[in-house]
>>> print(open('coords-v1.cif').read())   # mmCIF, C-alpha atoms, pLDDT in the B column; chains and numbers go by the auth columns
data_model
loop_
_atom_site.group_PDB
_atom_site.id
_atom_site.type_symbol
_atom_site.label_atom_id
_atom_site.label_comp_id
_atom_site.label_asym_id
_atom_site.label_seq_id
_atom_site.Cartn_x
_atom_site.Cartn_y
_atom_site.Cartn_z
_atom_site.B_iso_or_equiv
_atom_site.auth_seq_id
_atom_site.auth_asym_id
ATOM 1 C CA MET A 1 -9.915 34.997 -1.886 64.00 16 R
ATOM 2 C CA GLU A 2 -7.284 34.310 0.778 83.00 17 R
ATOM 3 C CA ILE A 3 -9.356 31.448 2.226 84.00 18 R
ATOM 4 C CA ILE A 4 -9.493 29.748 -1.168 81.00 19 R
ATOM 5 C CA GLN A 5 -5.715 30.073 -1.584 84.00 20 R
ATOM 6 C CA ARG A 6 -5.129 28.664 1.916 84.00 21 R
ATOM 7 C CA THR A 7 -7.421 25.711 1.155 90.00 22 R
ATOM 8 C CA LYS A 8 -5.583 25.031 -2.093 89.00 23 R
ATOM 9 C CA LEU A 9 -2.253 25.210 -0.278 92.00 24 R
ATOM 10 C CA GLU A 10 -3.448 22.788 2.412 93.00 25 R
ATOM 11 C CA ARG A 11 -4.686 20.327 -0.223 91.00 26 R
ATOM 12 C CA ALA A 12 -1.396 20.584 -2.122 93.00 27 R
ATOM 13 C CA GLN A 13 0.591 20.027 1.092 95.00 28 R
ATOM 14 C CA LYS A 14 -1.547 16.999 1.950 94.00 29 R
ATOM 15 C CA ARG A 15 -1.049 15.571 -1.546 94.00 30 R
ATOM 16 C CA VAL A 16 2.730 16.052 -1.325 96.00 31 R
ATOM 17 C CA ALA A 17 2.788 14.372 2.105 96.00 32 R
ATOM 18 C CA THR A 18 0.810 11.441 0.694 95.00 33 R
ATOM 19 C CA LEU A 19 3.200 11.060 -2.242 96.00 34 R
ATOM 20 C CA LYS A 20 6.207 11.331 0.070 97.00 35 R
ATOM 21 C CA GLY A 21 4.735 8.608 2.283 97.00 36 R
ATOM 22 C CA PHE A 22 4.378 6.298 -0.711 97.00 37 R
ATOM 23 C CA TYR A 23 7.907 6.979 -1.961 97.00 38 R
ATOM 24 C CA ASP A 24 9.286 6.400 1.545 98.00 39 R
ATOM 25 C CA HIS A 25 7.393 3.090 1.721 97.00 40 R
ATOM 26 C CA LEU A 26 8.706 2.036 -1.702 98.00 41 R
ATOM 27 C CA THR A 27 12.285 3.022 -0.833 98.00 42 R
ATOM 28 C CA ILE A 28 12.275 1.084 2.425 98.00 43 R
ATOM 29 C CA TYR A 29 10.753 -1.930 0.648 97.00 44 R
ATOM 30 C CA LEU A 30 13.487 -1.911 -1.992 97.00 45 R
ATOM 31 C CA ILE A 31 16.389 -1.374 0.416 97.00 46 R
ATOM 32 C CA ILE A 32 15.297 -4.059 2.885 94.00 47 R
ATOM 33 C CA ASN A 33 14.555 -6.655 0.233 93.00 48 R
ATOM 34 C CA ILE A 34 17.765 -6.039 -1.694 93.00 49 R
ATOM 35 C CA LEU A 35 19.731 -6.467 1.544 90.00 50 R
ATOM 36 C CA VAL A 36 17.841 -9.658 2.394 87.00 51 R
ATOM 37 C CA PHE A 37 18.601 -11.144 -1.042 85.00 52 R
ATOM 38 C CA ILE A 38 22.267 -10.130 -0.814 87.00 53 R
ATOM 39 C CA PHE A 39 22.749 -11.606 2.660 83.00 54 R
ATOM 40 C CA LYS A 40 20.568 -14.713 2.220 78.00 55 R
ATOM 41 C CA GLY A 41 23.620 -16.962 1.889 73.00 56 R
ATOM 42 C CA LYS A 42 25.197 -15.540 5.028 75.00 57 R
ATOM 43 C CA PHE A 43 21.992 -16.224 6.990 67.00 58 R
ATOM 44 C CA ILE A 44 22.019 -19.856 5.904 63.00 59 R
ATOM 45 C CA ILE A 45 25.724 -20.366 6.685 64.00 60 R
ATOM 46 C CA THR A 46 25.370 -18.703 10.096 65.00 61 R
ATOM 47 C CA LEU A 47 22.310 -20.747 11.057 61.00 62 R
ATOM 48 C CA LEU A 48 23.673 -24.069 9.845 61.00 63 R
ATOM 49 C CA SER A 49 27.154 -23.570 11.300 59.00 64 R
ATOM 50 C CA LYS A 50 25.750 -23.194 14.792 53.00 65 R
ATOM 51 C CA GLU A 51 24.033 -26.584 14.395 55.00 66 R
ATOM 52 C CA ALA A 52 21.319 -25.267 16.633 51.00 67 R
ATOM 53 C CA LEU A 53 18.898 -25.764 13.808 56.00 68 R
ATOM 54 C CA GLY A 54 19.746 -29.247 12.600 59.00 69 R
ATOM 55 C CA ASN A 55 16.265 -29.364 11.106 65.00 70 R
ATOM 56 C CA PRO A 56 16.134 -29.382 7.280 66.00 71 R
ATOM 57 C CA GLN A 57 12.874 -27.424 7.500 72.00 72 R
ATOM 58 C CA ILE A 58 14.861 -24.329 8.442 70.00 73 R
ATOM 59 C CA LEU A 59 15.877 -23.907 4.787 70.00 74 R
ATOM 60 C CA ASN A 60 12.194 -23.865 3.810 73.00 75 R
ATOM 61 C CA TRP A 61 11.556 -21.267 6.504 74.00 76 R
ATOM 62 C CA ILE A 62 14.425 -19.122 5.208 74.00 77 R
ATOM 63 C CA ASN A 63 13.201 -19.436 1.613 76.00 78 R
ATOM 64 C CA TRP A 64 9.679 -18.481 2.640 80.00 79 R
ATOM 65 C CA ASN A 65 10.964 -15.369 4.397 79.00 80 R
ATOM 66 C CA VAL A 66 13.360 -14.420 1.612 82.00 81 R
ATOM 67 C CA TYR A 67 10.822 -14.901 -1.205 87.00 82 R
ATOM 68 C CA GLY A 68 7.380 -14.864 0.432 89.00 83 R
ATOM 69 C CA ALA A 69 7.709 -11.766 2.573 89.00 84 R
ATOM 70 C CA PRO A 70 8.704 -9.492 -0.356 93.00 85 R
ATOM 71 C CA ILE A 71 5.776 -10.811 -2.374 94.00 86 R
ATOM 72 C CA ILE A 72 3.261 -10.106 0.388 95.00 87 R
ATOM 73 C CA TRP A 73 4.872 -6.770 1.248 96.00 88 R
ATOM 74 C CA GLY A 74 5.015 -5.957 -2.484 96.00 89 R
ATOM 75 C CA ILE A 75 1.247 -6.437 -2.722 96.00 90 R
ATOM 76 C CA GLY A 76 0.904 -3.915 0.104 96.00 91 R
ATOM 77 C CA VAL A 77 3.172 -1.447 -1.712 97.00 92 R
ATOM 78 C CA LEU A 78 1.160 -1.960 -4.909 95.00 93 R
ATOM 79 C CA ILE A 79 -2.124 -1.251 -3.114 93.00 94 R
ATOM 80 C CA HIS A 80 -0.553 1.809 -1.456 94.00 95 R
ATOM 81 C CA GLY A 81 0.501 3.070 -4.910 94.00 96 R
ATOM 82 C CA LEU A 82 -2.953 2.476 -6.385 91.00 97 R
ATOM 83 C CA VAL A 83 -4.523 4.496 -3.575 89.00 98 R
ATOM 84 C CA VAL A 84 -1.982 7.330 -3.759 92.00 99 R
ATOM 85 C CA PHE A 85 -2.188 7.689 -7.530 90.00 100 R
ATOM 86 C CA LYS A 86 -5.971 7.183 -7.440 85.00 101 R
ATOM 87 C CA ILE A 87 -5.913 4.303 -9.881 83.00 102 R
ATOM 88 C CA ARG A 88 -9.123 2.340 -9.570 77.00 103 R
ATOM 89 C CA PRO A 89 -10.687 -0.360 -11.678 75.00 104 R
ATOM 90 C CA SER A 90 -13.591 1.010 -13.717 78.00 105 R
ATOM 91 C CA PHE A 91 -16.115 -1.275 -11.996 77.00 106 R
ATOM 92 C CA LEU A 92 -15.420 0.514 -8.688 76.00 107 R
ATOM 93 C CA SER A 93 -16.065 3.922 -10.237 79.00 108 R
ATOM 94 C CA ILE A 94 -19.319 2.699 -11.779 86.00 109 R
ATOM 95 C CA TRP A 95 -20.422 1.219 -8.436 86.00 110 R
ATOM 96 C CA GLU A 96 -19.535 4.450 -6.606 85.00 111 R
ATOM 97 C CA ASP A 97 -21.491 6.539 -9.126 87.00 112 R
ATOM 98 C CA ARG A 98 -24.557 4.329 -8.712 91.00 113 R
ATOM 99 C CA LYS A 99 -24.395 4.510 -4.923 90.00 114 R
ATOM 100 C CA ILE A 100 -23.992 8.290 -4.947 91.00 115 R
ATOM 101 C CA LYS A 101 -27.031 8.679 -7.212 92.00 116 R
ATOM 102 C CA LYS A 102 -29.034 6.288 -5.030 92.00 117 R
ATOM 103 C CA TYR A 103 -28.235 8.181 -1.821 91.00 118 R
ATOM 104 C CA MET A 104 -28.854 11.546 -3.445 91.00 119 R
ATOM 105 C CA ASN A 105 -32.279 10.335 -4.616 90.00 120 R
ATOM 106 C CA GLU A 106 -33.072 9.005 -1.147 88.00 121 R
ATOM 107 C CA GLU A 107 -32.016 12.326 0.389 88.00 122 R
ATOM 108 C CA ARG A 108 -34.126 14.278 -2.103 85.00 123 R
ATOM 109 C CA GLU A 109 -37.171 12.051 -1.424 85.00 124 R
ATOM 110 C CA SER A 110 -36.811 12.288 2.357 84.00 125 R
ATOM 111 C CA SER A 111 -36.401 16.096 2.295 80.00 126 R
ATOM 112 C CA SER A 112 -39.407 16.532 -0.028 77.00 127 R
ATOM 113 C CA SER A 113 -41.620 14.442 2.264 70.00 128 R
ATOM 114 C CA LEU A 114 -40.939 16.785 5.202 63.00 129 R
#
>>> encode(input="coords-v1.cif", output="structure tokens")
Amino acid sequence: MEIIQRTKLERAQKRVATLKGFYDHLTIYLIINILVFIFKGKFIITLLSKEALGNPQILNWINWNVYGAPIIWGIGVLIHGLVVFKIRPSFLSIWEDRKIKKYMNEERESSSSL
């Protein structure tokens, strides 16, 4: 009985650690991106005032980093959340079920032929 309780405790601890990892990831994502949006204007003024970047393409680069990076990172956070909360499209579950049945049948056939 004690072994079963220990196993349950270990699974619960692992689940909590997984959830904590996701919430940490989400928190860092939100903090960093809010700060980037708040200070976007200061980045532009600082870069243009130094005249080291007299290239008009620098504004495109800044816009890509201010808007593009959160989008790409946000996709990563979304995927992380889907994995943590075990949300899968139904077609993946159906595919997994078919593969499991296939491999179980193959295993049964190979063990019966021995």
>>> closest_residue(input="coords-v1.cif", among="R:Met119, R:Val99, R:Ile94, R:Val51", to="R:Tyr82", atoms="all atoms listed in the file")
R:Val51
>>> resolve_selection(input="coords-v1.cif", expression="the PyMOL selection byres ((chain R and resi 20-34) around 12)", output="list in words")
Met16, Glu17, Ile18, Ile19, Lys35, Gly36, Phe37, Tyr38, Asp39, His40, Leu41, His95, Gly96, Leu97, Val98, Val99, Phe100 and Lys101 of chain R
>>> resolve_selection(input="coords-v1.cif", expression="the PyMOL selection byres ((chain R and resi 85) around 12)", output="short mmCIF file (atom, residue, chain, number, x, y, z; two decimals) with C-alpha atoms, in the coordinates of the input")
data_model
loop_
_atom_site.label_atom_id
_atom_site.label_comp_id
_atom_site.auth_asym_id
_atom_site.auth_seq_id
_atom_site.Cartn_x
_atom_site.Cartn_y
_atom_site.Cartn_z
CA LEU R 41 8.71 2.04 -1.70
CA ILE R 43 12.28 1.08 2.42
CA TYR R 44 10.75 -1.93 0.65
CA LEU R 45 13.49 -1.91 -1.99
CA ILE R 46 16.39 -1.37 0.42
CA ILE R 47 15.30 -4.06 2.88
CA ASN R 48 14.56 -6.66 0.23
CA ILE R 49 17.76 -6.04 -1.69
CA LEU R 50 19.73 -6.47 1.54
CA VAL R 51 17.84 -9.66 2.39
CA PHE R 52 18.60 -11.14 -1.04
CA ASN R 78 13.20 -19.44 1.61
CA TRP R 79 9.68 -18.48 2.64
CA ASN R 80 10.96 -15.37 4.40
CA VAL R 81 13.36 -14.42 1.61
CA TYR R 82 10.82 -14.90 -1.20
CA GLY R 83 7.38 -14.86 0.43
CA ALA R 84 7.71 -11.77 2.57
CA ILE R 86 5.78 -10.81 -2.37
CA ILE R 87 3.26 -10.11 0.39
CA TRP R 88 4.87 -6.77 1.25
CA GLY R 89 5.01 -5.96 -2.48
CA ILE R 90 1.25 -6.44 -2.72
CA GLY R 91 0.90 -3.92 0.10
CA VAL R 92 3.17 -1.45 -1.71
CA LEU R 93 1.16 -1.96 -4.91
#
>>> atom_distance(input="coords-v1.cif", atom1="atom CA of R:Lys57", atom2="atom CA of R:Ile77")
11.4 Å
>>> atom_distance(input="coords-v1.cif", atom1="atom CA of R:Asp112", atom2="atom CA of R:Ser125")
20.0 Å
>>> atom_distance(input="coords-v1.cif", atom1="atom CA of R:Trp110", atom2="atom CA of R:Arg123")
20.0 Å
>>> decode(input="coords-v1.cif", residues="stretch 74-101 of chain R", atoms="N, CA, C and O atoms", output="mmCIF file, in the first residue's frame")
data_model
loop_
_atom_site.group_PDB
_atom_site.id
_atom_site.type_symbol
_atom_site.label_atom_id
_atom_site.label_comp_id
_atom_site.auth_asym_id
_atom_site.auth_seq_id
_atom_site.Cartn_x
_atom_site.Cartn_y
_atom_site.Cartn_z
ATOM 1 N N LEU R 74 13.993 50.812 -38.406
ATOM 2 C CA LEU R 74 12.635 50.859 -37.856
ATOM 3 C C LEU R 74 11.882 49.577 -38.165
ATOM 4 O O LEU R 74 11.122 49.073 -37.338
ATOM 5 N N ASN R 75 12.089 49.016 -39.362
ATOM 6 C CA ASN R 75 11.471 47.733 -39.698
ATOM 7 C C ASN R 75 12.007 46.632 -38.790
ATOM 8 O O ASN R 75 11.262 45.762 -38.350
ATOM 9 N N TRP R 76 13.304 46.673 -38.526
ATOM 10 C CA TRP R 76 13.914 45.672 -37.649
ATOM 11 C C TRP R 76 13.323 45.765 -36.245
ATOM 12 O O TRP R 76 13.000 44.762 -35.631
ATOM 13 N N ILE R 77 13.179 47.012 -35.751
ATOM 14 C CA ILE R 77 12.600 47.204 -34.419
ATOM 15 C C ILE R 77 11.163 46.713 -34.396
ATOM 16 O O ILE R 77 10.752 46.003 -33.474
ATOM 17 N N ASN R 78 10.375 47.050 -35.409
ATOM 18 C CA ASN R 78 8.983 46.601 -35.457
ATOM 19 C C ASN R 78 8.894 45.079 -35.506
ATOM 20 O O ASN R 78 8.033 44.492 -34.869
ATOM 21 N N TRP R 79 9.768 44.458 -36.281
ATOM 22 C CA TRP R 79 9.751 42.995 -36.341
ATOM 23 C C TRP R 79 10.016 42.413 -34.953
ATOM 24 O O TRP R 79 9.337 41.494 -34.518
ATOM 25 N N ASN R 80 10.993 42.957 -34.247
ATOM 26 C CA ASN R 80 11.318 42.422 -32.930
ATOM 27 C C ASN R 80 10.252 42.734 -31.891
ATOM 28 O O ASN R 80 10.006 41.931 -30.998
ATOM 29 N N VAL R 81 9.615 43.890 -32.003
ATOM 30 C CA VAL R 81 8.593 44.260 -31.035
ATOM 31 C C VAL R 81 7.299 43.477 -31.275
ATOM 32 O O VAL R 81 6.628 43.092 -30.332
ATOM 33 N N TYR R 82 6.963 43.219 -32.531
ATOM 34 C CA TYR R 82 5.697 42.538 -32.838
ATOM 35 C C TYR R 82 5.894 41.078 -33.231
ATOM 36 O O TYR R 82 5.075 40.223 -32.896
ATOM 37 N N GLY R 83 6.939 40.769 -33.957
ATOM 38 C CA GLY R 83 7.148 39.404 -34.451
ATOM 39 C C GLY R 83 7.598 38.438 -33.376
ATOM 40 O O GLY R 83 7.097 37.313 -33.289
ATOM 41 N N ALA R 84 8.532 38.875 -32.552
ATOM 42 C CA ALA R 84 9.050 37.978 -31.512
ATOM 43 C C ALA R 84 7.956 37.524 -30.544
ATOM 44 O O ALA R 84 7.863 36.341 -30.227
ATOM 45 N N PRO R 85 7.071 38.430 -30.062
ATOM 46 C CA PRO R 85 6.005 37.962 -29.174
ATOM 47 C C PRO R 85 5.043 36.987 -29.854
ATOM 48 O O PRO R 85 4.515 36.087 -29.212
ATOM 49 N N ILE R 86 4.837 37.167 -31.146
ATOM 50 C CA ILE R 86 3.951 36.248 -31.863
ATOM 51 C C ILE R 86 4.576 34.855 -31.916
ATOM 52 O O ILE R 86 3.932 33.855 -31.588
ATOM 53 N N ILE R 87 5.841 34.791 -32.294
ATOM 54 C CA ILE R 87 6.516 33.492 -32.386
ATOM 55 C C ILE R 87 6.652 32.869 -30.996
ATOM 56 O O ILE R 87 6.365 31.685 -30.803
ATOM 57 N N TRP R 88 7.062 33.664 -30.025
ATOM 58 C CA TRP R 88 7.190 33.166 -28.657
ATOM 59 C C TRP R 88 5.819 32.749 -28.117
ATOM 60 O O TRP R 88 5.679 31.754 -27.413
ATOM 61 N N GLY R 89 4.781 33.521 -28.471
ATOM 62 C CA GLY R 89 3.417 33.201 -28.044
ATOM 63 C C GLY R 89 2.953 31.850 -28.579
ATOM 64 O O GLY R 89 2.246 31.114 -27.886
ATOM 65 N N ILE R 90 3.349 31.520 -29.791
ATOM 66 C CA ILE R 90 3.026 30.197 -30.348
ATOM 67 C C ILE R 90 3.689 29.122 -29.500
ATOM 68 O O ILE R 90 3.084 28.089 -29.201
ATOM 69 N N GLY R 91 4.926 29.363 -29.093
ATOM 70 C CA GLY R 91 5.621 28.418 -28.213
ATOM 71 C C GLY R 91 4.924 28.261 -26.875
ATOM 72 O O GLY R 91 4.769 27.148 -26.365
ATOM 73 N N VAL R 92 4.454 29.374 -26.295
ATOM 74 C CA VAL R 92 3.734 29.313 -25.025
ATOM 75 C C VAL R 92 2.422 28.558 -25.209
ATOM 76 O O VAL R 92 2.031 27.747 -24.364
ATOM 77 N N LEU R 93 1.742 28.800 -26.323
ATOM 78 C CA LEU R 93 0.489 28.093 -26.610
ATOM 79 C C LEU R 93 0.715 26.589 -26.703
ATOM 80 O O LEU R 93 -0.026 25.802 -26.099
ATOM 81 N N ILE R 94 1.737 26.178 -27.427
ATOM 82 C CA ILE R 94 2.052 24.751 -27.555
ATOM 83 C C ILE R 94 2.408 24.171 -26.184
ATOM 84 O O ILE R 94 1.963 23.077 -25.840
ATOM 85 N N HIS R 95 3.187 24.897 -25.402
ATOM 86 C CA HIS R 95 3.540 24.460 -24.051
ATOM 87 C C HIS R 95 2.261 24.243 -23.228
ATOM 88 O O HIS R 95 2.112 23.229 -22.534
ATOM 89 N N GLY R 96 1.313 25.169 -23.306
ATOM 90 C CA GLY R 96 0.055 25.039 -22.584
ATOM 91 C C GLY R 96 -0.763 23.841 -23.049
ATOM 92 O O GLY R 96 -1.353 23.128 -22.233
ATOM 93 N N LEU R 97 -0.807 23.618 -24.355
ATOM 94 C CA LEU R 97 -1.543 22.466 -24.884
ATOM 95 C C LEU R 97 -0.962 21.153 -24.366
ATOM 96 O O LEU R 97 -1.697 20.226 -24.028
ATOM 97 N N VAL R 98 0.358 21.095 -24.291
ATOM 98 C CA VAL R 98 1.014 19.874 -23.795
ATOM 99 C C VAL R 98 0.753 19.703 -22.299
ATOM 100 O O VAL R 98 0.401 18.611 -21.848
ATOM 101 N N VAL R 99 0.903 20.773 -21.532
ATOM 102 C CA VAL R 99 0.736 20.688 -20.083
ATOM 103 C C VAL R 99 -0.695 20.306 -19.710
ATOM 104 O O VAL R 99 -0.921 19.463 -18.843
ATOM 105 N N PHE R 100 -1.662 20.916 -20.376
ATOM 106 C CA PHE R 100 -3.057 20.648 -20.038
ATOM 107 C C PHE R 100 -3.644 19.491 -20.848
ATOM 108 O O PHE R 100 -4.834 19.221 -20.784
ATOM 109 N N LYS R 101 -2.764 18.823 -21.604
ATOM 110 C CA LYS R 101 -3.121 17.617 -22.358
ATOM 111 C C LYS R 101 -4.320 17.847 -23.276
ATOM 112 O O LYS R 101 -5.236 17.041 -23.353
#
